Structures are given as structure tokens and as C-alpha cells.
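One file, start39.cif, carrying mmCIF, C-alpha atoms:
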data_protein
#
loop_
_atom_site.label_atom_id
_atom_site.label_comp_id
_atom_site.auth_asym_id
_atom_site.auth_seq_id
_atom_site.Cartn_x
_atom_site.Cartn_y
_atom_site.Cartn_z
CA MET A 518 -0.38 18.39 20.45
CA THR A 519 -0.74 14.74 19.53
CA ASP A 520 1.62 11.82 19.64
CA THR A 521 2.92 10.70 16.31
CA ASP A 522 4.76 7.61 15.19
CA TYR A 523 7.38 9.47 13.23
CA GLY A 524 9.92 12.18 13.94
CA ILE A 525 13.25 12.39 15.67
CA ARG A 526 14.05 11.20 19.16
CA ILE A 527 17.48 11.24 20.80
CA SER A 528 18.09 9.73 24.19
CA GLN A 529 21.01 10.18 26.50
CA LYS A 530 23.59 7.52 27.17
CA GLY A 531 22.09 4.74 29.23
CA SER A 532 18.52 5.47 28.20
CA ASP A 533 16.52 3.49 25.64
CA VAL A 534 15.33 5.86 22.96
CA PHE A 535 12.24 3.71 22.32
CA SER A 536 11.00 3.60 25.87
CA ALA A 537 12.47 6.69 27.55
CA ASP A 538 10.03 9.22 28.93
CA ASP A 539 9.79 12.50 27.01
CA ASN A 540 11.26 14.16 30.08
CA ASP A 541 14.41 12.09 29.79
CA VAL A 542 15.22 12.41 26.10
CA VAL A 543 17.56 15.20 25.03
CA PHE A 544 15.61 15.83 21.86
CA THR A 545 12.22 14.94 20.50
CA SER A 546 10.61 16.53 17.49
CA LYS A 547 7.40 16.51 19.51
CA PHE A 548 8.61 19.61 21.37
CA ALA A 549 10.39 22.67 20.05
CA LEU A 550 13.57 23.77 21.78
CA PHE A 551 13.99 27.29 23.04
CA LYS A 552 16.28 28.79 20.39
CA GLY A 553 18.56 31.76 20.91
CA SER A 554 20.00 33.96 18.23
CA ILE A 555 21.68 36.97 19.80
CA SER A 556 23.46 37.32 23.10
CA GLY A 557 25.64 40.06 24.45
CA VAL A 558 26.83 42.10 27.39
CA GLY A 559 27.45 45.76 28.12
CA ILE A 560 27.98 48.36 30.80
CA ALA A 561 25.94 51.52 31.29
CA SER A 562 26.06 54.30 33.86
CA THR A 563 23.56 56.41 35.73
CA THR A 564 24.19 59.38 38.01
CA THR A 565 20.71 60.65 38.75
CA THR A 566 17.33 59.10 39.40
CA THR A 567 16.37 59.58 35.76
CA MET A 568 15.57 56.38 33.95
CA GLN A 569 18.37 55.32 31.59
CA THR A 570 17.43 53.34 28.50
CA ILE A 571 19.74 51.11 26.48
CA SER A 572 18.46 50.00 23.10
CA ILE A 573 19.72 47.00 21.18
CA GLU A 574 18.57 46.45 17.62
CA HIS A 575 17.67 42.88 16.70
CA GLY A 576 16.11 43.26 13.25
CA PHE A 577 13.81 40.24 13.56
CA GLY A 578 10.72 42.05 12.32
CA TYR A 579 8.65 40.43 15.05
CA ILE A 580 8.63 40.63 18.84
CA PRO A 581 11.06 38.07 20.27
CA SER A 582 11.42 36.46 23.66
CA VAL A 583 14.19 38.10 25.65
CA LEU A 584 15.95 37.49 28.95
CA VAL A 585 18.07 40.11 30.68
CA ASN A 586 20.30 39.95 33.75
CA ILE A 587 21.71 42.98 35.51
CA ALA A 588 24.56 43.39 38.00
CA PRO A 589 24.96 46.82 39.58
CA PHE A 590 28.52 47.80 40.50
CA PRO A 591 30.61 46.21 42.02
CA TYR A 592 29.12 43.37 39.96
CA THR A 593 29.17 40.89 42.79
CA TYR A 594 25.61 39.77 42.32
CA PHE A 595 23.17 39.47 39.47
CA TYR A 596 19.51 40.20 39.29
CA ARG A 597 17.33 38.75 36.62
CA SER A 598 15.25 41.51 35.09
CA PRO A 599 12.65 42.67 35.96
CA ILE A 600 13.19 43.40 39.59
CA ASN A 601 10.24 42.86 41.85
CA VAL A 602 9.81 46.19 43.60
CA SER A 603 7.57 44.91 46.34
CA GLY A 604 8.43 46.19 49.75
CA LEU A 605 9.60 49.48 51.06
CA ASP A 606 13.33 49.63 50.70
CA HIS A 607 13.99 49.00 47.05
CA ASP A 608 16.59 51.23 45.47
CA TYR A 609 17.53 49.53 42.21
CA TRP A 610 14.79 49.65 39.60
CA PHE A 611 14.99 48.04 36.19
CA HIS A 612 13.03 46.20 33.60
CA HIS A 613 13.25 45.40 29.92
CA TYR A 614 11.03 44.76 26.95
CA ALA A 615 11.31 44.01 23.25
CA THR A 616 9.53 45.43 20.22
CA THR A 617 9.64 44.35 16.59
CA THR A 618 12.95 46.18 16.15
CA HIS A 619 14.72 46.60 19.49
CA LEU A 620 15.35 45.30 22.97
CA TYR A 621 15.12 48.08 25.52
CA ILE A 622 16.76 47.79 28.94
CA ARG A 623 15.80 50.50 31.40
CA PHE A 624 17.27 51.15 34.83
CA ARG A 625 17.65 53.79 37.50
CA ARG A 626 18.15 54.14 41.22
CA THR A 627 15.60 55.77 43.46
CA VAL A 628 18.31 57.83 45.13
CA ALA A 629 20.82 59.86 43.11
CA ALA A 630 24.11 58.01 43.07
CA SER A 631 26.69 57.28 40.44
CA THR A 632 26.15 53.67 39.44
CA SER A 633 27.51 51.38 36.77
CA TRP A 634 25.35 48.56 35.52
CA TYR A 635 26.63 45.42 33.88
CA TYR A 636 23.95 43.80 31.77
CA SER A 637 23.71 40.64 29.72
CA TYR A 638 20.93 39.66 27.36
CA PHE A 639 19.62 36.77 25.34
CA ILE A 640 17.33 37.38 22.38
CA PHE A 641 15.50 34.27 21.23
CA ILE A 642 14.08 33.24 17.90
CA ASP A 643 10.97 32.13 19.75
CA LYS A 644 8.37 34.85 19.76
CA GLY A 645 7.59 36.91 22.82
CA LYS A 646 4.23 37.68 21.28
CA ILE A 647 2.38 35.10 19.25
CA MET B 1131 31.06 13.90 27.06
CA SER B 1132 31.16 10.42 25.57
CA ASP B 1133 32.68 9.51 22.20
CA TYR B 1134 29.39 8.81 20.49
CA GLY B 1135 26.08 10.56 20.13
CA VAL B 1136 24.92 13.58 18.17
CA LEU B 1137 26.77 16.89 18.07
CA VAL B 1138 25.73 19.88 15.99
CA ALA B 1139 28.06 22.86 15.98
CA LYS B 1140 27.08 26.45 15.40
CA GLU B 1141 28.20 28.11 12.21
CA ASP B 1142 31.92 28.84 12.10
CA TYR B 1143 32.76 26.20 14.70
CA ASP B 1144 34.37 22.85 14.10
CA VAL B 1145 32.02 20.28 15.55
CA ARG B 1146 34.95 18.02 16.42
CA GLN B 1147 36.63 20.61 18.58
CA SER B 1148 33.85 22.87 19.79
CA SER B 1149 33.28 23.64 23.43
CA ASP B 1150 29.89 22.82 24.85
CA LEU B 1151 28.68 26.37 24.41
CA ALA B 1152 29.66 26.45 20.74
CA LEU B 1153 27.32 23.56 20.05
CA ALA B 1154 23.81 24.19 18.82
CA PHE B 1155 22.95 20.72 20.06
CA SER B 1156 24.57 17.87 21.94
CA SER B 1157 22.98 14.60 22.88
CA SER B 1158 25.01 14.79 26.08
CA PHE B 1159 22.79 17.53 27.44
CA GLN B 1160 19.14 18.17 28.04
CA ASN B 1161 17.55 21.25 26.52
CA LEU B 1162 14.64 23.43 27.45
CA LYS B 1163 11.69 21.89 25.60
CA ILE B 1164 8.57 23.88 24.83
CA PHE B 1165 5.38 21.97 25.62
CA GLU B 1166 3.03 24.62 24.30
CA ARG B 1167 2.68 28.35 23.95
CA TYR B 1168 -0.44 30.40 24.42
CA SER B 1169 -1.73 33.87 23.61
CA VAL B 1170 -4.18 35.07 26.24
CA SER B 1171 -5.78 38.33 27.30
CA THR B 1172 -8.02 39.83 29.92
CA THR B 1173 -9.03 43.27 31.16
CA VAL B 1174 -7.65 45.26 34.06
CA PRO B 1175 -10.24 44.99 36.82
CA SER B 1176 -11.63 47.95 38.71
CA SER B 1177 -10.80 46.08 41.90
CA GLY B 1178 -9.37 42.74 42.90
CA VAL B 1179 -8.06 40.47 40.15
CA ASN B 1180 -9.05 38.97 36.83
CA THR B 1181 -7.61 35.50 36.63
CA ILE B 1182 -6.50 33.88 33.38
CA THR B 1183 -6.53 30.08 33.51
CA ILE B 1184 -4.56 28.00 31.02
CA THR B 1185 -5.37 24.31 31.23
CA HIS B 1186 -2.47 22.19 30.00
CA ASP B 1187 -2.91 18.86 31.82
CA ILE B 1188 0.83 18.23 31.69
CA GLY B 1189 0.67 16.09 34.81
CA PHE B 1190 3.61 17.47 36.80
CA TYR B 1191 5.05 20.79 37.93
CA SER B 1192 6.81 22.29 34.94
CA PRO B 1193 8.67 25.54 34.24
CA PHE B 1194 6.79 28.41 32.68
CA ILE B 1195 7.51 31.87 31.33
CA VAL B 1196 5.02 34.69 30.92
CA TYR B 1197 5.56 37.65 28.59
CA ASN B 1198 3.46 40.75 29.05
CA ASN B 1199 2.55 42.11 25.60
CA GLY B 1200 1.00 45.27 26.97
CA SER B 1201 -2.28 46.90 26.04
CA GLY B 1202 -1.18 47.42 22.44
CA ASN B 1203 -0.03 43.81 22.03
CA ASN B 1204 3.15 45.33 20.63
CA LEU B 1205 6.00 44.39 23.00
CA SER B 1206 7.23 41.54 25.17
CA ALA B 1207 8.36 41.94 28.76
CA PHE B 1208 9.58 38.84 30.61
CA MET B 1209 7.38 38.41 33.70
CA GLY B 1210 7.07 42.18 33.44
CA ASP B 1211 4.75 44.93 34.49
CA LEU B 1212 6.30 48.04 32.94
CA THR B 1213 4.96 50.29 35.67
CA ASN B 1214 5.42 48.12 38.69
CA GLY B 1215 8.46 46.09 37.64
CA SER B 1216 7.25 42.55 37.93
CA LEU B 1217 4.08 40.75 37.04
CA GLN B 1218 4.17 39.47 40.60
CA THR B 1219 4.89 42.79 42.27
CA GLY B 1220 2.78 43.66 45.25
CA THR B 1221 1.68 42.20 48.49
CA MET B 1222 0.16 39.29 46.57
CA PHE B 1223 3.37 37.77 45.24
CA ASP B 1224 1.60 34.61 44.18
CA ARG B 1225 0.17 35.88 40.89
CA CYS B 1226 1.45 33.20 38.51
CA ARG B 1227 0.53 29.81 39.90
CA GLN B 1228 1.63 26.69 38.08
CA TYR B 1229 -0.32 23.57 39.03
CA THR B 1230 0.17 20.13 37.56
CA ASP B 1231 -2.80 20.68 35.23
CA LYS B 1232 -3.11 24.43 34.77
CA LEU B 1233 -1.43 27.81 35.07
CA GLU B 1234 -3.28 30.69 36.68
CA ILE B 1235 -2.26 34.32 36.12
CA ASP B 1236 -3.80 37.15 38.09
CA ILE B 1237 -4.12 40.56 36.50
CA VAL B 1238 -4.68 43.08 39.25
CA ASN B 1239 -6.20 46.51 39.46
CA GLY B 1240 -3.52 48.98 38.38
CA PHE B 1241 -1.62 46.43 36.29
CA GLY B 1242 0.84 48.15 33.98
CA GLY B 1243 -0.54 51.53 34.94
CA TYR B 1244 -3.47 50.85 32.64
CA ALA B 1245 -6.98 52.20 33.23
CA ASN B 1246 -9.69 49.89 34.46
CA GLY B 1247 -11.21 47.90 31.63
CA THR B 1248 -8.10 48.07 29.44
CA THR B 1249 -7.39 44.81 27.64
CA VAL B 1250 -3.91 43.44 28.26
CA TYR B 1251 -2.25 40.64 26.30
CA LEU B 1252 0.13 37.93 27.42
CA THR B 1253 2.19 35.22 25.75
CA VAL B 1254 2.82 32.14 27.85
CA TYR B 1255 5.32 29.32 27.40
CA ILE B 1256 4.84 26.05 29.25
CA MET B 1257 8.02 23.98 29.22
CA TYR B 1258 8.11 20.21 29.19
CA ASP B 1259 10.32 19.32 32.13
CA ASN B 1260 9.51 17.62 35.40
CA PHE B 1261 12.72 18.75 37.14
CA SER B 1262 14.01 15.19 37.23
CA THR B 1263 17.54 15.27 38.55
CA ILE B 1264 20.45 15.89 36.23
CA ASN B 1265 23.82 16.81 37.61
CA GLU B 1266 26.34 17.21 34.82
CA GLU B 1267 28.99 19.14 36.73
CA THR B 1268 30.79 19.58 33.45
CA VAL B 1269 33.37 22.28 32.99
CA THR B 1270 32.83 24.14 29.76
CA GLU B 1271 34.35 27.10 28.00
CA ASP B 1272 32.42 30.17 27.00
CA SER B 1273 32.35 31.30 23.40
CA GLY B 1274 31.30 34.86 24.23
CA GLY B 1275 28.48 36.96 22.91
CA ILE B 1276 28.05 36.20 19.23
CA THR B 1277 25.45 37.13 16.66
CA TYR B 1278 24.81 34.41 14.16
CA LYS B 1279 23.82 35.02 10.60
CA GLN B 1280 21.69 33.23 8.08
CA ASP B 1281 23.27 30.57 5.92
CA ASP B 1282 22.17 27.82 3.62
CA TYR B 1283 23.53 24.78 5.36
CA GLY B 1284 23.09 23.09 8.67
CA LEU B 1285 20.38 21.09 10.35
CA ARG B 1286 16.75 22.22 10.50
CA VAL B 1287 13.79 20.42 12.04
CA SER B 1288 10.37 21.96 11.59
CA LYS B 1289 7.29 21.69 13.76
CA GLU B 1290 4.56 19.32 12.70
CA GLY B 1291 2.56 20.83 9.86
CA TYR B 1292 5.29 23.13 8.58
CA ASP B 1293 7.51 22.63 5.55
CA VAL B 1294 11.09 22.59 6.79
CA ARG B 1295 12.28 24.06 3.49
CA ASP B 1296 10.43 27.33 3.69
CA CYS B 1297 8.97 27.73 7.19
CA THR B 1298 10.05 30.64 9.36
CA ASP B 1299 12.64 30.28 12.09
CA ASP B 1300 9.92 30.50 14.71
CA GLN B 1301 8.23 27.46 13.15
CA LEU B 1302 11.29 25.31 13.71
CA ILE B 1303 11.78 22.85 16.51
CA PHE B 1304 15.51 23.04 16.04
CA SER B 1305 18.03 24.79 13.83
CA SER B 1306 21.80 24.64 13.94
CA GLN B 1307 21.75 28.37 13.27
CA PHE B 1308 20.69 29.06 16.82
CA PHE B 1309 21.92 28.22 20.27
CA THR B 1310 19.71 26.29 22.64
CA LYS B 1311 19.36 26.49 26.38
CA LYS B 1312 21.49 23.49 27.27
CA ILE B 1313 20.80 22.27 30.77
CA ASN B 1314 23.76 21.72 33.01
CA GLN B 1315 21.75 20.34 35.87
CA LYS B 1316 18.31 20.44 37.39
CA GLY B 1317 16.34 18.95 40.19
CA ILE B 1318 14.14 19.40 43.21
CA ILE B 1319 15.80 20.32 46.48
CA THR B 1320 14.61 20.72 49.99
CA GLY B 1321 16.20 22.72 52.74
CA THR B 1322 16.92 26.23 53.91
CA SER B 1323 20.56 26.65 52.94
CA LEU B 1324 21.88 24.45 50.19
CA LYS B 1325 24.97 24.36 48.08
CA ILE B 1326 24.74 23.12 44.50
CA LYS B 1327 27.97 22.35 42.76
CA HIS B 1328 27.90 23.20 39.06
CA ALA B 1329 31.63 23.42 38.28
CA LEU B 1330 31.07 25.84 35.41
CA TYR B 1331 33.48 28.45 36.79
CA LYS B 1332 31.23 31.27 35.71
CA ALA B 1333 27.81 32.61 36.58
CA PRO B 1334 25.25 30.47 34.78
CA SER B 1335 21.69 31.43 33.92
CA PHE B 1336 18.94 29.59 35.71
CA LEU B 1337 15.23 29.28 36.31
CA ALA B 1338 13.97 28.57 39.79
CA PHE B 1339 10.57 28.00 41.28
CA VAL B 1340 9.29 27.43 44.78
CA LYS B 1341 6.43 25.24 45.89
CA ASN B 1342 3.57 26.95 47.63
CA GLY B 1343 0.96 24.44 48.72
CA ASP B 1344 -0.41 22.76 45.61
CA HIS B 1345 1.44 24.84 43.01
CA ILE B 1346 4.78 26.42 42.17
CA LEU B 1347 5.69 30.00 41.37
CA MET B 1348 8.69 31.62 39.78
CA ILE B 1349 11.36 33.04 42.05
CA GLU B 1350 12.17 36.56 41.02
CA SER B 1351 14.68 39.25 41.72
CA ASN B 1352 13.65 41.36 44.64
CA GLU B 1353 15.56 43.94 46.56
CA SER B 1354 13.36 44.54 49.52
CA THR B 1355 12.68 43.63 53.08
CA TRP B 1356 9.68 41.64 52.04
CA LYS B 1357 10.53 38.03 52.71
CA ASN B 1358 7.56 35.88 51.88
CA VAL B 1359 9.23 34.22 48.97
CA GLY B 1360 12.83 34.64 48.21
CA PHE B 1361 16.22 33.22 47.86
CA ASP B 1362 19.62 34.45 47.05
CA CYS B 1363 22.69 32.73 45.92
CA TYR B 1364 26.31 33.31 45.27
CA ILE B 1365 29.06 31.57 43.44
CA ASP B 1366 32.32 30.61 45.05
CA GLY B 1367 35.36 31.62 43.09
CA TYR B 1368 38.77 30.16 42.88
CA ASP B 1369 40.25 32.22 45.66
CA GLN B 1370 37.34 31.99 48.08
CA ASP B 1371 38.03 35.50 49.29
CA TYR B 1372 34.46 36.62 49.09
CA GLU B 1373 32.25 35.33 51.82
CA TYR B 1374 28.60 36.02 51.69
CA ASP B 1375 26.96 36.80 54.98
CA PRO B 1376 23.63 35.00 55.20
CA GLU B 1377 22.48 37.58 57.69
CA ASP B 1378 22.19 40.00 54.79
CA ALA B 1379 19.86 37.77 52.87
CA PRO B 1380 16.57 39.59 53.49
CA ASP B 1381 18.12 42.83 52.24
CA TYR B 1382 18.78 41.33 48.90
CA ALA B 1383 16.84 39.50 46.39
CA ASN B 1384 14.95 36.57 45.16
CA GLY B 1385 17.24 35.23 42.55
CA ALA B 1386 20.15 37.56 43.10
CA LEU B 1387 23.28 35.74 42.15
CA PHE B 1388 26.25 36.42 44.37
CA LEU B 1389 29.58 36.09 42.70
CA ASP B 1390 33.13 35.92 43.73
CA GLU B 1391 34.96 39.18 43.41
CA VAL B 1392 38.68 39.65 43.11
CA ALA B 1393 40.11 43.00 44.16
CA GLY B 1394 40.55 45.34 41.23
CA GLU B 1395 38.62 43.29 38.74
CA TRP B 1396 35.42 41.42 38.38
CA ILE B 1397 35.31 37.91 37.15
CA PHE B 1398 32.18 35.88 36.85
CA ASP B 1399 33.53 32.52 37.68
CA GLY B 1400 32.96 29.93 40.30
CA GLU B 1401 31.95 26.39 40.82
CA ASP B 1402 29.10 26.50 43.27
CA ILE B 1403 25.77 28.15 43.66
CA VAL B 1404 24.63 28.61 47.22
CA TRP B 1405 21.02 29.39 47.83
CA ASN B 1406 19.73 30.56 51.15
CA PHE B 1407 16.03 30.01 51.25
CA TRP B 1408 13.40 31.28 53.51
CA HIS B 1409 9.66 31.20 53.94
CA ILE B 1410 6.63 29.70 52.30
CA SER B 1411 8.21 26.28 51.86
CA ASN B 1412 11.54 24.55 51.63
CA THR B 1413 10.93 22.80 48.31
CA TYR B 1414 12.59 24.35 45.28
CA TYR B 1415 12.65 23.40 41.62
CA TYR B 1416 15.66 24.57 39.67
CA ILE B 1417 17.32 24.41 36.27
CA ILE B 1418 20.87 25.63 35.80
CA PHE B 1419 21.88 26.23 32.19
CA LYS B 1420 25.30 26.15 30.63
CA ASP B 1421 24.89 29.70 29.33
CA GLU B 1422 26.84 32.35 31.11
CA LEU B 1423 24.91 35.36 32.34
#
Represent the structure contained in this file as C-alpha cells.
Amino acid sequence: MTDTDYGIRISQKGSDVFSADDNDVVFTSKFALFKGSISGVGIASTTTTTMQTISIEHGFGYIPSVLVNIAPFPYTYFYRSPINVSGLDHDYWFHHYATTTHLYIRFRRTVAASTSWYYSYFIFIDKGKI
Amino acid sequence: MSDYGVLVAKEDYDVRQSSDLALAFSSSFQNLKIFERYSVSTTVPSSGVNTITITHDIGFYSPFIVYNNGSGNNLSAFMGDLTNGSLQTGTMFDRCRQYTDKLEIDIVNGFGGYANGTTVYLTVYIMYDNFSTINEETVTEDSGGITYKQDDYGLRVSKEGYDVRDCTDDQLIFSSQFFTKKINQKGIITGTSLKIKHALYKAPSFLAFVKNGDHILMIESNESTWKNVGFDCYIDGYDQDYEYDPEDAPDYANGALFLDEVAGEWIFDGEDIVWNFWHISNTYYYIIFKDEL
């Protein structure tokens, strides 16, 4: 990436758009913004240790960037997917991935127990595979 | 919000009356800027690690995101290892190391459940942000989960070298068709138990990193007794009837977000994030977005 003498630059109140550092401007055409297109929430249930898969169609035709957050019942805390299963005592297990057509969210518990899962997702225009 | 500046509303919203979240862009708020993106690959080693090094020379600690594209280069998994959960899973948590001039990613034996010698592909985003302090503490309203459709009006800005009239959405720097990750606040904090007031009255999304010597690494969700790098946080609600017990912290997770709960219902609201940190260092780099989880 090279500096150019043209483009768009927008500074925040109190900051000189001509001299502000790139870190301090709210927009510069030098850098793309992370752009989201689809967001949503849902609830799924599991009763056994079998992996449950939720699929969400996005229709982009390419593999997008995605972020997923999951809150097991009683929804008092969120995890950002994927969970890091390091250690010995993990029970909740989930991850997600996107293909050219769908976002897949997969979760299960390592012990059989009826569990509801609240999930939220962001699907971005920016590619998850370039 | 001041009475001048630049506002761009999403489709179907009146720019004069839109809440912060219904804006595709506002000059009142910082956004997550992409410094560069990279496509890299390596093979799964028969032992130890194969390290991918991306030299960016950005000059400061900056956020990063790594997508695992698998052995077929046909999917994207955020910081993910589809067999082991996280790219950083294992006793060596420090597998994605962001320095001021480079990012190092270790691919370990057994990564993704792939056989030794299998080529694995990754897509990496380096963000342009030095975690300089912003503390908006602005109350906003959520517009809910919405899917936006194509249209023939609005504001588009293309990347250098692309024709804004016919380039693809991915080749745009900005488009009023799409929401951006508007930053509510960010900064660098030091301590072991800190409260950050965000005043959003909901659970916001965030990215957080912790300093480890001469580099930073992403803080991830982790439900385990393993405590080398971790934090958890909760959000106070209106009624303050949920009190998180810090003694439980090691049983929960890096990045788990504790919320206020009202009997008989669940509401994701609140005005504070409280992080209880432990181990490796007490210096944390965070960005809290306006988006609700």
C-alpha cells in the first residue's frame, strides 16, 4: 500500500483532517472498512452429546468473513466462537465456519444434558478466503 | 453526536433520524480499518510447529484476525481449528503472535486433524488501529438483525485500482449498503480487575488482546481450568441483581461476557463491562464496538 495525494479523509471533531494521524481519522480511503451485510440471532437446543449443526444461507457465492457469539442457557454469559478447548474440564464445545453458500454453527456438550443455545452472527462482505 | 459532520444511513433509514446502529457511517465514530489482508499457507508438521511469518511493518501493536481456510481452501473459520476448536488450542496458547512489525502463526502437528504434510490455508486481516483511547460512552438504540439488499443508490468508495462503478462489493472500501464495525471505545488498560463503562445498555461485541512480552495475542473463549491467559467479563444491568463472583473466574472463559439476568427473562443490557484478568501480564488492548452481540 502506498500513500497517495488524493482520496477521502474524514477526521473527528477537534482533529485537523490534514494533519491527523491515520489512526485518529474516522475514515480514510487508504484503508477499507470492515463491512457487514447480514446479522442475526437464533436459539437452538441439544439434548445429547451429538454435534448439532445450524446452517444459515448467505448466497454470496464466495467465502465470507464471519463472527459468531454463543450464550448457553441461562444466557448470562457469551462466548465468542470458537471456544478454546484447552484444559481438562471443558464441557461446552462449539465452532463455526462459512462456505460459499452457508454459515455453519456447530455445538454440543461433552456430557448429555438438555441445553439451549442462543447464538448471534455477523456475516461480512469482506472475504474469509482471498 | 455533534450537529455537523458526515452521516450515511443504511437503506430504508432516514439519515436525519437514524440511531447510531442504523448508520452505515458516522464521522462521530471510529471504524475498524483494514491495513492489509494476506493469503498464506504451510504444511502440517510431523512434529513441533511450522511458523508462518507475515511482515507488515505497521509500527505498533494492532488488531488481527486469522481465518482458517482448511486443507481444501474452501471454508473460513474465525481463529478456528475445526477439530480442536481454536487455532490457539493446546498447551501452547501463544500461537498467533502480533509484534509491531510482523505476525507469526504456528501450525502444529495435528492441526485440524490433518495428516502430516497436508497443506493448510489461512486468510489474515491486519487492522490499522493502535488502540489509542476513545471513550464514547454513547447510548444507542439497536436496529435488530437485518439483511440488506442491493440497490442502485447510496455511497460507494472503491479501493485504489478498482472502478467504483463496476467493482465487486469486496473491492470497496466503503458502501452505504453495508454496516461497519463502529467503535464505541478502545484503549490500553493495565490492572487485574477493571471496570469499563460503555453505557450501551446491551452486550456489545469486542476484540481484546493481551500483551505477552514483546507481542500481543488474541484473548479467546475458554471454558477450562487452564489459566495462563484469560479474562472474563460481565455487564451490569439496570437492576444490579446479578453479582458475578470473581472466585469463579478460572472456571469460565477467556472472553466470556457475563450479563445481567432478570428472573424469568433474559435481557442483554447493561452499562459496564468488568474484566477480571489474570496471568501472563496485566496489559490489555481492547476495542468495544457499538454492535450488539
Residue members of the PyMOL selection byres ((chain A and resi 544) around 6) in the file shown, as a list in words: Arg526, Ile527, Val542, Val543 and Thr545 of chain A
Could you tell me which of A:Val585, A:Ser633, A:Ser572, A:Phe577 comes closest to Pro599 of chain A if we count only C-alpha atoms?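 Smallest distance to Pro599 of chain A is found for A:Val585.
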Residue with smallest distance to chain B - pool A:Val628, A:Ala537, A:Ala615, A:Ile560, counting all atoms listed in the file: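 Of all the options, A:Ala615 lies closest to chain B.
Atom CA of Leu1302 of chain B lies 11.5 Å from atom CA of Ile1164 of chain B.
Of the residues listed (A:Gln529, A:Ser546, A:Asn586, A:Thr618), A:Asn586 shows the shortest atom-to-atom separation from Ile600 of chain A; distances use only C-alpha atoms.
Here atom CA of Ala561 of chain A and atom CA of Tyr635 of chain A stand 6.7 Å from one another.
Selection result for the displayed file, with the PyMOL selection byres ((chain A and resi 524) around 10) as criterion, is Thr521, Asp522, Tyr523, Ile525, Arg526, Thr545, Ser546 and Lys547 of chain A; Val1287, Lys1289 and Glu1290 of chain B.
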Go through B:Asn1214, B:Thr1183, B:Ser1192, B:Asn1246 and flag the residue nearest chain A, using all atoms listed in the file for the distances.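 With all atoms listed in the file as the atom set, the closest residue is B:Asn1214.
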For the file shown, report as a PyMOL selection string the outcome of the PyMOL selection byres ((chain B and resi 1197-1210) around 10) at residue level. (chain A and resi 579-585+597-601+612-621+644-647) or (chain B and resi 1169-1174+1195-1196+1211-1219+1226+1241-1242+1244+1248-1255+1348+1350)
Pick out the residues sitting within 10 Å of Tyr1143 of chain B, and hand them over as a ChimeraX atom specification; count all atoms listed in the file, and ignore anything fewer than 5 positions along from it in its own chain. /B:1138,1148-1149,1152-1153
So, counting all atoms listed in the file, which residue among B:Gly1135, B:Pro1334, B:Gly1178, B:Gly1343 is closest to Ser1157 of chain B?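 Distance minimum relative to Ser1157 of chain B lands on B:Gly1135.
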Residues near Thr567 of chain A, cut-off 9 Å, all atoms listed in the file, skip fewer than 6 positions along chain, as a PyMOL selection string: chain A and resi 624-627+629
By how many Å are atom CA of Tyr1191 of chain B and atom CA of Asn1260 of chain B apart?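 Between atom CA of Tyr1191 of chain B and atom CA of Asn1260 of chain B the gap works out to 6.0 Å.
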Counting all atoms listed in the file, figure out which residue out of A:Gly559, A:Asp643, A:Asp533, A:Ala630 gets nearest to chain B. A:Asp643
At a cut-off of 9 Å around the point (18.6, 36.3, 16.8) (file coordinates), what residues fall inside when counting all atoms listed in the file? I'd like the answer as JSON, numbers by chain. {"A": [552, 553, 554, 555, 556, 575, 576, 577, 581, 639, 640, 641, 642], "B": [1277, 1278, 1279, 1308]}
Counting only C-alpha atoms, find the residues whose atoms lie at most 10 Å from (18.4, 19.1, 9.3) (file coordinates) and write them out as a PyMOL selection string. chain B and resi 1138+1283-1288+1294-1295+1304-1306
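Look at His1186 of chain B: the protein and nucleic acid residues within 8 Å of it, using all atoms listed in the file and passing over chain neighbours fewer than 3 places away, are Asp1231, Lys1232 and Leu1233 of chain B.
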